[in-house]
file final-v1.cif (mmCIF, C-alpha atoms and all ligand atoms)
data_entry
#
loop_
_atom_site.label_atom_id
_atom_site.label_comp_id
_atom_site.auth_asym_id
_atom_site.auth_seq_id
_atom_site.Cartn_x
_atom_site.Cartn_y
_atom_site.Cartn_z
CA MET A 1 -8.02 -7.56 23.30
CA ASN A 2 -7.37 -3.87 22.84
CA ILE A 3 -5.96 -2.95 19.46
CA LEU A 4 -4.34 0.20 18.08
CA ILE A 5 -4.19 0.93 14.37
CA ILE A 6 -1.56 3.44 13.32
CA GLY A 7 -2.54 5.68 10.40
CA SER A 8 -5.37 7.85 9.15
CA GLY A 9 -6.36 6.77 5.66
CA GLY A 10 -8.86 4.60 3.86
CA ARG A 11 -6.58 1.63 4.41
CA GLU A 12 -6.72 2.08 8.18
CA HIS A 13 -10.49 2.59 8.20
CA ALA A 14 -10.89 -0.59 6.14
CA LEU A 15 -8.55 -2.63 8.37
CA GLY A 16 -10.35 -1.29 11.45
CA TRP A 17 -13.77 -2.07 10.00
CA LYS A 18 -12.74 -5.69 9.59
CA ILE A 19 -10.88 -5.92 12.91
CA ARG A 20 -13.94 -4.46 14.67
CA GLN A 21 -15.99 -7.49 13.52
CA SER A 22 -13.83 -9.97 15.41
CA LYS A 23 -14.95 -11.40 18.75
CA LYS A 24 -11.34 -11.08 19.82
CA THR A 25 -11.41 -7.30 19.47
CA ARG A 26 -12.44 -5.37 22.57
CA ASN A 27 -11.43 -1.70 22.40
CA LEU A 28 -10.18 -0.31 19.11
CA PHE A 29 -8.03 2.81 18.81
CA PHE A 30 -6.62 4.78 15.90
CA ALA A 31 -3.66 7.15 15.86
CA PRO A 32 -4.61 9.58 14.49
CA GLY A 33 -7.57 8.15 12.51
CA ASN A 34 -10.22 10.17 10.66
CA ALA A 35 -13.95 10.92 10.77
CA GLY A 36 -14.73 7.37 9.66
CA THR A 37 -12.58 5.57 12.19
CA SER A 38 -14.15 7.52 15.05
CA SER A 39 -17.42 5.70 14.39
CA ILE A 40 -15.82 2.29 15.01
CA GLY A 41 -13.22 3.16 17.65
CA THR A 42 -11.46 5.93 19.51
CA ASN A 43 -9.24 8.38 17.67
CA LEU A 44 -6.11 9.46 19.51
CA LYS A 45 -4.54 12.75 18.43
CA ILE A 46 -1.08 11.29 17.87
CA GLU A 47 1.00 11.41 14.71
CA VAL A 48 2.24 8.13 13.26
CA THR A 49 5.91 8.82 14.01
CA ASP A 50 5.39 10.23 17.52
CA PHE A 51 6.65 7.04 19.17
CA LEU A 52 6.79 8.51 22.67
CA ASN A 53 3.11 9.48 22.72
CA ILE A 54 2.18 6.21 21.04
CA LYS A 55 3.93 4.46 23.92
CA LYS A 56 2.01 6.48 26.48
CA ALA A 57 -1.30 5.71 24.77
CA VAL A 58 -0.49 2.00 24.54
CA LEU A 59 0.25 1.79 28.25
CA GLU A 60 -2.69 3.95 29.28
CA ASN A 61 -5.21 2.02 27.21
CA GLN A 62 -3.71 -1.43 27.84
CA ILE A 63 -3.25 -2.06 24.14
CA GLN A 64 -2.01 -5.56 23.33
CA LEU A 65 -1.78 -5.44 19.55
CA VAL A 66 -0.57 -2.61 17.31
CA VAL A 67 -1.24 -2.74 13.57
CA VAL A 68 0.91 -0.34 11.57
CA GLY A 69 -0.80 0.94 8.40
CA PRO A 70 1.69 3.21 6.58
CA GLU A 71 5.34 2.66 5.70
CA VAL A 72 6.94 5.71 7.31
CA PRO A 73 6.74 4.55 10.97
CA LEU A 74 7.95 1.10 9.92
CA VAL A 75 10.95 2.47 8.06
CA GLU A 76 11.63 4.74 11.04
CA GLY A 77 11.66 1.70 13.32
CA ILE A 78 8.41 1.66 15.30
CA HIS A 79 8.62 -2.10 15.73
CA ASP A 80 12.24 -1.91 16.92
CA TYR A 81 11.14 0.80 19.36
CA PHE A 82 8.46 -1.46 20.84
CA ALA A 83 10.95 -4.34 21.07
CA SER A 84 13.48 -2.27 23.00
CA GLU A 85 11.30 -0.06 25.17
CA PRO A 86 10.61 -1.19 28.76
CA GLY A 87 6.90 -1.82 29.22
CA LEU A 88 6.26 -2.33 25.51
CA GLN A 89 8.12 -5.56 24.87
CA LYS A 90 5.05 -7.76 25.37
CA VAL A 91 2.91 -5.68 23.02
CA LEU A 92 2.45 -7.43 19.69
CA VAL A 93 3.23 -5.38 16.60
CA VAL A 94 2.09 -6.23 13.08
CA GLY A 95 4.67 -4.79 10.70
CA PRO A 96 8.35 -5.48 10.07
CA LYS A 97 11.28 -4.07 11.97
CA LYS A 98 13.64 -1.60 10.30
CA SER A 99 15.72 -4.37 8.74
CA GLY A 100 12.70 -5.78 6.89
CA ALA A 101 11.21 -2.38 6.12
CA ARG A 102 14.27 -1.72 3.93
CA LEU A 103 12.42 -3.69 1.24
CA GLU A 104 10.37 -0.51 0.81
CA GLY A 105 12.67 2.06 2.40
CA SER A 106 15.55 1.45 0.01
CA LYS A 107 15.01 0.56 -3.64
CA ASP A 108 18.70 -0.32 -3.88
CA PHE A 109 18.36 -2.80 -1.00
CA ALA A 110 15.22 -4.27 -2.58
CA LYS A 111 16.94 -4.74 -5.95
CA GLU A 112 20.01 -6.34 -4.39
CA PHE A 113 17.75 -8.63 -2.37
CA MET A 114 15.91 -9.71 -5.51
CA VAL A 115 19.16 -10.39 -7.33
CA ARG A 116 20.50 -12.42 -4.38
CA HIS A 117 17.39 -14.58 -4.39
CA ASN A 118 16.81 -14.84 -8.11
CA ILE A 119 13.52 -13.01 -8.01
CA PRO A 120 12.50 -11.70 -11.44
CA THR A 121 12.80 -7.91 -11.72
CA ALA A 122 13.97 -5.32 -14.25
CA ARG A 123 17.73 -5.01 -14.92
CA TYR A 124 19.17 -2.08 -13.02
CA LEU A 125 22.16 -0.11 -11.81
CA THR A 126 22.39 1.92 -8.62
CA VAL A 127 24.09 5.26 -9.11
CA THR A 128 25.60 7.79 -6.70
CA HIS A 129 27.92 10.74 -7.34
CA ASN A 130 30.79 8.23 -7.26
CA ASN A 131 29.75 6.19 -10.29
CA LEU A 132 27.84 8.78 -12.29
CA ASN A 133 29.82 7.97 -15.46
CA GLN A 134 28.89 4.34 -15.18
CA GLY A 135 25.29 5.47 -14.73
CA MET A 136 25.44 7.49 -17.95
CA THR A 137 26.84 4.50 -19.82
CA PHE A 138 24.10 2.28 -18.42
CA LEU A 139 21.45 4.78 -19.51
CA LYS A 140 22.88 4.74 -23.04
CA SER A 141 22.70 0.94 -23.10
CA LEU A 142 18.95 0.98 -22.41
CA GLU A 143 16.05 1.49 -24.77
CA PRO A 144 13.69 4.37 -23.91
CA PRO A 145 11.71 5.09 -21.86
CA TYR A 146 14.13 5.42 -18.96
CA VAL A 147 13.10 4.64 -15.39
CA LEU A 148 14.80 6.58 -12.57
CA LYS A 149 13.96 5.85 -8.96
CA ALA A 150 14.99 7.68 -5.82
CA ASP A 151 16.42 5.07 -3.45
CA GLY A 152 14.56 6.26 -0.36
CA LEU A 153 10.95 7.08 0.52
CA ALA A 154 9.61 10.02 -1.46
CA ALA A 155 5.89 9.92 -0.70
CA GLY A 156 5.17 8.00 -3.91
CA LYS A 157 6.74 10.68 -6.09
CA GLY A 158 10.28 9.32 -6.44
CA VAL A 159 9.90 7.49 -9.74
CA LEU A 160 10.46 9.28 -13.05
CA ILE A 161 9.77 7.73 -16.43
CA ILE A 162 11.41 9.73 -19.18
CA ASN A 163 11.31 9.29 -22.94
CA GLU A 164 14.41 11.22 -24.06
CA GLN A 165 17.90 10.07 -23.16
CA GLN A 166 19.24 13.60 -22.68
CA GLU A 167 16.38 14.47 -20.40
CA ALA A 168 17.00 11.29 -18.42
CA GLU A 169 20.69 12.25 -18.02
CA LYS A 170 19.66 15.65 -16.76
CA ALA A 171 17.07 14.21 -14.38
CA LEU A 172 19.62 11.75 -13.03
CA LYS A 173 21.97 14.61 -12.15
CA GLU A 174 19.13 16.60 -10.58
CA MET A 175 18.09 13.64 -8.48
CA LEU A 176 21.61 13.06 -7.21
CA GLY A 177 21.81 16.79 -6.56
CA GLY A 178 18.89 16.59 -4.14
CA LYS A 179 15.67 16.79 -6.18
CA PHE A 180 14.08 14.42 -3.66
CA GLY A 181 16.32 15.41 -0.76
CA LYS A 182 18.19 12.59 0.94
CA ALA A 183 15.94 10.03 -0.74
CA SER A 184 17.67 10.54 -4.11
CA ARG A 185 21.29 10.57 -3.00
CA LYS A 186 21.21 7.14 -4.58
CA VAL A 187 19.25 6.54 -7.74
CA VAL A 188 18.22 3.22 -9.22
CA ILE A 189 18.18 3.24 -13.03
CA GLU A 190 15.97 0.52 -14.38
CA GLU A 191 15.11 -1.11 -17.63
CA PHE A 192 11.52 -0.28 -18.58
CA LEU A 193 9.20 -3.29 -18.52
CA ASN A 194 6.25 -3.28 -20.83
CA GLY A 195 3.23 -4.96 -19.35
CA ILE A 196 0.23 -4.66 -17.10
CA GLU A 197 0.46 -4.01 -13.37
CA LEU A 198 -1.19 -5.66 -10.41
CA SER A 199 -0.74 -5.85 -6.66
CA VAL A 200 -0.36 -9.10 -4.73
CA PHE A 201 -0.40 -9.13 -0.93
CA VAL A 202 0.70 -11.63 1.65
CA LEU A 203 0.46 -11.68 5.39
CA THR A 204 3.42 -13.46 6.94
CA ASP A 205 4.88 -14.37 10.32
CA GLY A 206 8.29 -14.81 8.73
CA LYS A 207 7.93 -18.57 8.18
CA ASP A 208 4.44 -19.12 6.85
CA TYR A 209 2.31 -16.87 4.73
CA LYS A 210 -1.25 -16.38 3.53
CA ILE A 211 -1.86 -14.95 0.09
CA LEU A 212 -4.57 -12.32 0.30
CA PRO A 213 -6.78 -11.44 -2.67
CA GLU A 214 -4.86 -9.64 -5.43
CA ALA A 215 -5.97 -6.29 -6.81
CA LYS A 216 -5.49 -3.83 -9.62
CA ASP A 217 -5.00 -0.21 -8.69
CA TYR A 218 -5.66 2.84 -10.91
CA LYS A 219 -2.82 5.25 -10.28
CA ARG A 220 -3.32 8.15 -12.67
CA ILE A 221 -5.66 11.06 -12.00
CA GLY A 222 -7.23 11.08 -15.46
CA GLU A 223 -9.49 8.68 -17.26
CA GLY A 224 -7.78 6.27 -19.64
CA ASP A 225 -4.79 6.30 -17.26
CA THR A 226 -3.66 9.78 -18.18
CA GLY A 227 -2.26 12.70 -16.20
CA LEU A 228 -0.35 12.78 -12.94
CA ASN A 229 0.30 9.88 -10.62
CA THR A 230 -1.81 9.75 -7.47
CA GLY A 231 -1.92 7.55 -4.41
CA GLY A 232 -4.54 5.53 -6.26
CA MET A 233 -7.98 6.37 -7.68
CA GLY A 234 -9.69 3.03 -7.41
CA ALA A 235 -9.15 -0.70 -7.23
CA VAL A 236 -10.66 -3.96 -8.34
CA SER A 237 -10.22 -7.48 -6.94
CA PRO A 238 -9.84 -10.17 -8.27
CA VAL A 239 -7.80 -9.27 -11.34
CA PRO A 240 -9.18 -11.02 -14.43
CA PHE A 241 -5.80 -11.17 -16.21
CA ALA A 242 -4.18 -12.90 -13.24
CA GLY A 243 -5.36 -16.46 -13.72
CA GLN A 244 -4.41 -19.38 -11.48
CA GLU A 245 -1.47 -20.38 -13.63
CA PHE A 246 -0.04 -16.88 -13.47
CA LEU A 247 -0.66 -16.64 -9.72
CA ASN A 248 1.12 -19.97 -9.26
CA LYS A 249 4.15 -18.41 -10.95
CA VAL A 250 3.90 -15.43 -8.62
CA GLU A 251 3.95 -17.78 -5.65
CA SER A 252 6.78 -20.02 -6.78
CA ARG A 253 9.04 -17.39 -8.38
CA ILE A 254 8.37 -14.41 -6.14
CA ILE A 255 6.52 -15.06 -2.87
CA ILE A 256 8.37 -18.18 -1.74
CA PRO A 257 11.87 -16.87 -2.64
CA THR A 258 11.06 -13.61 -0.83
CA ILE A 259 9.98 -15.34 2.41
CA GLU A 260 12.89 -17.79 2.19
CA GLY A 261 15.28 -14.95 1.37
CA LEU A 262 14.24 -13.03 4.47
CA LEU A 263 14.71 -16.17 6.58
CA ALA A 264 18.10 -16.91 5.02
CA GLU A 265 19.27 -13.36 5.74
CA ASN A 266 18.00 -13.54 9.34
CA ILE A 267 15.61 -10.68 8.72
CA GLU A 268 12.79 -11.25 11.19
CA TYR A 269 9.67 -10.21 9.38
CA ASN A 270 6.05 -10.17 10.32
CA GLY A 271 3.27 -8.23 8.68
CA PHE A 272 2.20 -7.54 5.14
CA ILE A 273 4.28 -7.73 2.01
CA PHE A 274 2.84 -5.92 -0.98
CA PHE A 275 4.32 -7.13 -4.24
CA GLY A 276 3.93 -4.45 -6.91
CA LEU A 277 4.06 -6.67 -10.00
CA ILE A 278 4.03 -6.31 -13.73
CA LYS A 279 2.87 -9.06 -16.04
CA VAL A 280 5.09 -9.18 -19.10
CA GLY A 281 3.74 -11.72 -21.55
CA GLU A 282 2.73 -14.49 -19.15
CA ASP A 283 5.47 -13.83 -16.59
CA PRO A 284 5.48 -11.82 -13.37
CA TYR A 285 8.24 -9.33 -12.46
CA VAL A 286 8.58 -7.30 -9.29
CA ILE A 287 8.34 -3.54 -9.82
CA GLU A 288 8.56 -2.80 -6.11
CA TYR A 289 8.07 -4.16 -2.64
CA ASN A 290 6.00 -2.36 -0.04
CA VAL A 291 5.99 -3.45 3.58
CA ARG A 292 2.34 -2.60 4.21
CA MET A 293 -1.01 -2.98 2.53
CA GLY A 294 -1.90 -0.86 -0.48
CA ASP A 295 -4.28 2.06 -0.43
CA PRO A 296 -6.89 1.94 -2.04
CA GLU A 297 -6.34 -1.79 -2.69
CA THR A 298 -7.11 -2.59 0.97
CA GLU A 299 -10.52 -0.98 0.66
CA ALA A 300 -11.38 -3.52 -2.06
CA VAL A 301 -9.46 -6.58 -0.81
CA ILE A 302 -10.87 -6.35 2.73
CA LEU A 303 -14.39 -7.03 1.44
CA ARG A 304 -13.24 -10.39 0.09
CA ILE A 305 -11.65 -11.61 3.33
CA LYS A 306 -14.21 -13.83 5.02
CA SER A 307 -12.08 -14.94 7.97
CA ASP A 308 -11.44 -13.20 11.26
CA LEU A 309 -8.74 -10.61 10.55
CA THR A 310 -7.80 -10.13 14.19
CA GLU A 311 -7.02 -13.87 14.39
CA LEU A 312 -4.90 -13.66 11.26
CA LEU A 313 -3.00 -10.60 12.50
CA LEU A 314 -2.38 -12.31 15.83
CA GLY A 315 -1.06 -15.30 13.92
CA ALA A 316 1.38 -13.06 12.04
CA ALA A 317 2.54 -11.28 15.21
CA GLU A 318 2.82 -14.43 17.34
CA GLY A 319 4.31 -16.74 14.72
CA THR A 320 1.29 -19.03 14.55
CA LEU A 321 -0.01 -18.17 11.12
CA LYS A 322 0.01 -21.78 9.96
CA ASP A 323 -2.79 -22.55 12.44
CA LYS A 324 -5.00 -19.79 11.07
CA ILE A 325 -7.52 -19.92 8.27
CA LEU A 326 -7.97 -17.49 5.42
CA LYS A 327 -11.22 -17.82 3.48
CA VAL A 328 -11.72 -15.60 0.46
CA ASP A 329 -15.01 -14.51 -1.09
CA GLU A 330 -15.21 -15.47 -4.76
CA ARG A 331 -17.11 -12.33 -5.65
CA THR A 332 -15.59 -9.14 -7.06
CA ALA A 333 -14.87 -6.05 -5.01
CA ALA A 334 -14.59 -2.61 -6.60
CA THR A 335 -13.50 0.63 -4.97
CA VAL A 336 -13.95 4.12 -6.41
CA MET A 337 -11.97 6.89 -4.75
CA MET A 338 -13.57 10.33 -4.39
CA VAL A 339 -10.95 13.08 -4.33
CA SER A 340 -10.72 16.84 -3.93
CA GLY A 341 -10.72 18.82 -7.19
CA GLY A 342 -7.13 19.75 -8.05
CA TYR A 343 -5.57 16.68 -6.42
CA PRO A 344 -2.76 15.52 -6.74
CA GLU A 345 -1.66 19.13 -7.11
CA ASN A 346 -3.22 21.96 -5.10
CA TYR A 347 -6.63 21.36 -3.63
CA GLU A 348 -8.79 22.78 -0.87
CA LYS A 349 -9.74 21.09 2.36
CA GLY A 350 -12.61 21.67 4.77
CA LYS A 351 -15.45 21.03 2.29
CA VAL A 352 -18.60 19.78 4.01
CA ILE A 353 -19.50 16.25 2.88
CA SER A 354 -23.17 15.25 2.62
CA GLY A 355 -25.11 12.22 1.49
CA ILE A 356 -23.04 9.45 3.06
CA GLU A 357 -26.15 8.33 4.97
CA LYS A 358 -27.95 7.71 1.65
CA VAL A 359 -25.45 5.07 0.58
CA ASN A 360 -26.77 1.52 0.46
CA SER A 361 -25.19 -1.78 -0.62
CA SER A 362 -21.72 -0.18 -0.58
CA ILE A 363 -19.34 0.65 2.22
CA VAL A 364 -17.80 4.07 2.52
CA PHE A 365 -14.28 4.07 3.92
CA HIS A 366 -13.01 7.48 4.93
CA ALA A 367 -9.59 8.56 3.70
CA GLY A 368 -8.98 12.30 4.18
CA THR A 369 -11.84 13.42 6.42
CA LYS A 370 -12.32 14.96 9.83
CA GLU A 371 -15.14 16.11 12.05
CA GLU A 372 -15.74 19.82 12.37
CA ASN A 373 -18.75 21.48 14.05
CA LEU A 374 -20.74 18.24 13.90
CA SER A 375 -20.13 17.84 10.16
CA VAL A 376 -17.76 15.61 8.27
CA VAL A 377 -15.40 17.70 6.13
CA SER A 378 -12.68 16.85 3.63
CA ASP A 379 -9.18 16.87 5.04
CA GLY A 380 -6.97 15.52 2.27
CA GLY A 381 -6.64 14.90 -1.46
CA ARG A 382 -8.20 11.49 -1.35
CA VAL A 383 -11.41 11.90 0.63
CA LEU A 384 -13.62 8.79 0.53
CA ALA A 385 -13.36 5.28 -0.89
CA VAL A 386 -16.67 3.72 -1.91
CA SER A 387 -16.41 -0.08 -2.02
CA SER A 388 -18.84 -2.77 -3.12
CA LEU A 389 -19.04 -6.50 -3.69
CA GLY A 390 -20.79 -7.91 -6.73
CA ASN A 391 -21.21 -11.16 -8.60
CA SER A 392 -19.32 -9.59 -11.49
CA ILE A 393 -17.00 -6.64 -11.97
CA ASN A 394 -19.88 -4.76 -13.58
CA ASP A 395 -22.21 -5.39 -10.66
CA ALA A 396 -19.62 -4.24 -8.14
CA LEU A 397 -18.75 -1.13 -10.15
CA HIS A 398 -22.37 -0.30 -10.73
CA LEU A 399 -23.04 -0.29 -6.98
CA SER A 400 -19.98 1.82 -6.19
CA TYR A 401 -20.75 4.39 -8.88
CA ARG A 402 -24.42 4.57 -7.93
CA ASN A 403 -23.43 5.43 -4.38
CA VAL A 404 -20.60 7.80 -5.34
CA GLU A 405 -23.24 9.92 -7.03
CA LYS A 406 -25.17 10.27 -3.77
CA ILE A 407 -22.25 11.82 -1.95
CA GLN A 408 -21.60 15.52 -2.39
CA PHE A 409 -18.85 17.97 -1.57
CA GLU A 410 -17.64 21.03 -3.42
CA ASN A 411 -15.24 20.22 -6.26
CA LYS A 412 -15.51 16.48 -5.84
CA TYR A 413 -13.82 14.41 -8.53
CA TYR A 414 -13.60 10.72 -9.33
CA ARG A 415 -12.58 8.64 -12.30
CA LYS A 416 -15.54 7.22 -14.17
CA ASP A 417 -13.57 4.44 -15.84
CA ILE A 418 -12.35 2.31 -12.94
CA GLY A 419 -12.42 -1.35 -13.92
CA PHE A 420 -13.79 -0.81 -17.41
CA ASP A 421 -10.49 -1.76 -19.08
CA LEU A 422 -10.92 -5.22 -17.60
P1 LIG B 501 6.89 2.64 -7.92
O1 LIG B 501 6.86 3.88 -7.09
O2 LIG B 501 8.12 1.83 -7.82
O3 LIG B 501 5.60 1.86 -7.78
O4 LIG B 501 6.83 3.12 -9.43
C1 LIG B 501 5.81 3.95 -9.87
C2 LIG B 501 5.27 3.46 -11.17
O5 LIG B 501 6.28 3.53 -12.17
C3 LIG B 501 4.88 2.00 -11.16
O6 LIG B 501 3.60 1.81 -10.66
C4 LIG B 501 4.98 1.65 -12.61
O7 LIG B 501 3.84 2.10 -13.31
C5 LIG B 501 6.14 2.47 -13.08
N1 LIG B 501 7.38 1.69 -13.12
C6 LIG B 501 8.30 1.56 -12.15
N2 LIG B 501 9.31 0.77 -12.54
C7 LIG B 501 9.04 0.41 -13.80
C8 LIG B 501 9.73 -0.40 -14.77
N3 LIG B 501 10.90 -0.98 -14.52
N4 LIG B 501 9.14 -0.57 -15.96
C9 LIG B 501 7.94 0.00 -16.24
N5 LIG B 501 7.28 0.78 -15.40
C10 LIG B 501 7.80 0.99 -14.19
N1 LIG B 502 -1.92 1.98 -4.17
C1 LIG B 502 -0.54 1.92 -4.16
C2 LIG B 502 0.09 2.01 -2.84
O1 LIG B 502 -0.54 1.87 -1.81
O2 LIG B 502 1.30 2.20 -2.81
#
call {"tool": "encode", "arguments": {"input": "final-v1.cif", "output": "structure tokens", "more": "lines below"}}
Ligand code: AMP
Ligand code: GLY
result
Amino acid sequence: MNILIIGSGGREHALGWKIRQSKKTRNLFFAPGNAGTSSIGTNLKIEVTDFLNIKKAVLENQIQLVVVGPEVPLVEGIHDYFASEPGLQKVLVVGPKKSGARLEGSKDFAKEFMVRHNIPTARYLTVTHNNLNQGMTFLKSLEPPYVLKADGLAAGKGVLIINEQQEAEKALKEMLGGKFGKASRKVVIEEFLNGIELSVFVLTDGKDYKILPEAKDYKRIGEGDTGLNTGGMGAVSPVPFAGQEFLNKVESRIIIPTIEGLLAENIEYNGFIFFGLIKVGEDPYVIEYNVRMGDPETEAVILRIKSDLTELLLGAAEGTLKDKILKVDERTAATVMMVSGGYPENYEKGKVISGIEKVNSSIVFHAGTKEENLSVVSDGGRVLAVSSLGNSINDALHLSYRNVEKIQFENKYYRKDIGFDL
């Protein structure tokens, strides 16, 4: 079948790389893709929220399955668009409709959902201009640090963690006043949970689910988890501190109540659910839901999926996931992200990348790259994800780092401590 992947990052290259390997996959397209995806499929110059041109491309190329990588088109209703648009209704879409995408698109909705279904999460209060006083009282009742979250999508920047109460009060007012635009008209104030974070992923058709390999992501720009938050600087899977007993708790306390909660609320859901978790003592709590795969977690997790991903995605889209098989590689996958110097603040693009052809025993997934005058050049903050499988974390990291060193571009930067805390 012909398949379209929406998105242009390392996640989409990794998904496409795996989908390409399936006998079921005939022609593979990306909208808009990057310099890596063009080597495994056809890039279409269409932005992820340009539904009209996506429709045209789907009809023109007889695409039967659409896999949506990022959250924005899901929250904006790409799946609802396909379901209502003449000519598109038979096209299968992997990714929830708007109603399900609220799990990521509204932190307030996600928190209420968790409370309704008894899913462990931090205590919270949602604040608008109308109950600001109550918000201030709630802040005073909490121990520092204070966690403030913009309700809506804010490109990963909408969460503030603040040590001083007065500063938190000020930030709360600024957020309500439009610091993150519409996204922070509502703010979720949360109790701070002290623990260690991990990401758990499921693929679901709304009734059944498959638990994909879990991963740990490295979010800060600096070594030792210091400095600004980024989209993610590396990932490791499996996660040594998430043993079977802990993962059983994740399934029984979090995954099952989430799937059953969606069913009970008549929220049709197919696609990925990304549980951003924190392990406090021996217990899992949900920090956030995402309605897509993680990036760069996908670039690690994908190496451990042994089964046919196209089959699994079809199962999710068609409601036949229980008939599909997911086999997971026991080995460890490690991903190191190469970024542009200056990221996540100002950085330059258009730097010529060399040495990718020297890489061996790792896979290079492109994130922010494009082709220009027959060269591959950087085109984003996160540029390349170098992923490897090994018999141990050290083996996998060793391979990734060895290959990272072979790749050059001006002002390249990467963290040298991915995975070493484990
Ligand atoms: P989010 O955008 O929801 O993933 O939040 C960004 C980061 O803030 C998370 O990855 C956590 O490191 C941190 N965070 C969010 N909520 C909490 C919380 N309740 N307690 C501790 N840390 C949190
Ligand atoms: N790596 C975190 C995310 O994809 O949101």
call {"tool": "residues_near_ligand", "arguments": {"input": "final-v1.cif", "ligand": "ligand LIG 501 (chain B)", "cutoff": "6 Å", "atoms": "only C-alpha atoms and all ligand atoms", "output": "ChimeraX atom specification"}}
result
/A:122,156,159,190-194,287-288
call {"tool": "closest_residue", "arguments": {"input": "final-v1.cif", "among": "A:Leu321, A:Ile259, A:Ala57, A:Leu52", "to": "A:Leu4", "atoms": "only C-alpha atoms"}}
result
A:Ala57
call {"tool": "closest_residue", "arguments": {"input": "final-v1.cif", "among": "A:Gly100, A:Gly41, A:Gly232, A:Gly419", "to": "A:Thr332", "atoms": "only C-alpha atoms"}}
result
A:Gly419
call {"tool": "residues_near_ligand", "arguments": {"input": "final-v1.cif", "ligand": "ligand LIG 502 (chain B)", "cutoff": "9 Å", "atoms": "all atoms listed in the file", "output": "ChimeraX atom specification"}}
result
/A:11,70,156,199,216-219,230-235,274,276,290,292-298
call {"tool": "residues_around", "arguments": {"input": "final-v1.cif", "residues": "A:Ile221", "least_positions_apart": "4", "cutoff": "10 Å", "atoms": "all atoms listed in the file", "output": "count of residues only"}}
result
16
call {"tool": "atom_distance", "arguments": {"input": "final-v1.cif", "atom1": "atom CA of A:Asp329", "atom2": "atom CA of A:Ser392"}}
result
12.3 Å
call {"tool": "closest_residue", "arguments": {"input": "final-v1.cif", "among": "A:Thr204, A:Thr37, A:Thr369, A:Asn248", "to": "A:Glu268", "atoms": "only C-alpha atoms"}}
result
A:Thr204
call {"tool": "atom_distance", "arguments": {"input": "final-v1.cif", "atom1": "atom CA of A:Leu59", "atom2": "atom CA of A:Leu309"}}
result
23.4 Å
call {"tool": "residues_around", "arguments": {"input": "final-v1.cif", "residues": "A:Gln62", "least_positions_apart": "4", "cutoff": "12 Å", "atoms": "all atoms listed in the file", "output": "mmCIF file with C-alpha atoms, in the frame of the given file"}}
result
data_model
loop_
_atom_site.group_PDB
_atom_site.id
_atom_site.type_symbol
_atom_site.label_atom_id
_atom_site.label_comp_id
_atom_site.auth_asym_id
_atom_site.auth_seq_id
_atom_site.Cartn_x
_atom_site.Cartn_y
_atom_site.Cartn_z
ATOM 1 C CA MET A 1 -8.020 -7.560 23.300
ATOM 2 C CA ASN A 2 -7.370 -3.870 22.840
ATOM 3 C CA ILE A 3 -5.960 -2.950 19.460
ATOM 4 C CA LEU A 4 -4.340 0.200 18.080
ATOM 5 C CA ARG A 26 -12.440 -5.370 22.570
ATOM 6 C CA ASN A 27 -11.430 -1.700 22.400
ATOM 7 C CA LEU A 28 -10.180 -0.310 19.110
ATOM 8 C CA PHE A 29 -8.030 2.810 18.810
ATOM 9 C CA ILE A 54 2.180 6.210 21.040
ATOM 10 C CA LYS A 55 3.930 4.460 23.920
ATOM 11 C CA LYS A 56 2.010 6.480 26.480
ATOM 12 C CA ALA A 57 -1.300 5.710 24.770
ATOM 13 C CA VAL A 58 -0.490 2.000 24.540
ATOM 14 C CA VAL A 66 -0.570 -2.610 17.310
ATOM 15 C CA GLY A 87 6.900 -1.820 29.220
ATOM 16 C CA LEU A 88 6.260 -2.330 25.510
ATOM 17 C CA LYS A 90 5.050 -7.760 25.370
ATOM 18 C CA VAL A 91 2.910 -5.680 23.020
ATOM 19 C CA LEU A 92 2.450 -7.430 19.690
#
call {"tool": "closest_residue", "arguments": {"input": "final-v1.cif", "among": "A:Ile78, A:Val72, A:Leu139, A:Ala110", "to": "A:Val127", "atoms": "all atoms listed in the file"}}
result
A:Leu139
call {"tool": "closest_residue", "arguments": {"input": "final-v1.cif", "among": "A:Gly178, A:Gly271, A:Gly152, A:Pro32", "to": "A:Lys107", "atoms": "only C-alpha atoms"}}
result
A:Gly152
call {"tool": "closest_residue", "arguments": {"input": "final-v1.cif", "among": "A:Lys23, A:Lys416, A:His79, A:Arg331", "to": "A:Pro213", "atoms": "only C-alpha atoms"}}
result
A:Arg331
call {"tool": "atom_distance", "arguments": {"input": "final-v1.cif", "atom1": "atom CA of A:Gly36", "atom2": "atom CA of A:Ser354"}}
result
13.5 Å
call {"tool": "residues_around", "arguments": {"input": "final-v1.cif", "residues": "A:Ser378", "least_positions_apart": "6", "cutoff": "12 Å", "atoms": "all atoms listed in the file", "output": "MDAnalysis selection string"}}
result
chainID A and resid 34:36 338:341 347:354 366:372 384 408:412
call {"tool": "residues_around", "arguments": {"input": "final-v1.cif", "residues": "A:Arg304", "least_positions_apart": "4", "cutoff": "12 Å", "atoms": "only C-alpha atoms", "output": "list of chain:residue names"}}
result
A:Ala14, A:Lys18, A:Leu212, A:Pro213, A:Glu214, A:Ala215, A:Val236, A:Ser237, A:Pro238, A:Glu297, A:Thr298, A:Glu299, A:Ala300, A:Asp308, A:Leu309, A:Leu326, A:Lys327, A:Val328, A:Asp329, A:Glu330, A:Arg331, A:Thr332, A:Ala333, A:Ala334, A:Ser387, A:Ser388, A:Leu389, A:Gly390, A:Asn391
call {"tool": "residues_around", "arguments": {"input": "final-v1.cif", "residues": "A:Ser252", "least_positions_apart": "4", "cutoff": "12 Å", "atoms": "all atoms listed in the file", "output": "JSON, numbers by chain"}}
result
{"A": [118, 119, 120, 245, 246, 247, 248, 256, 257, 258, 259, 260, 283, 284]}
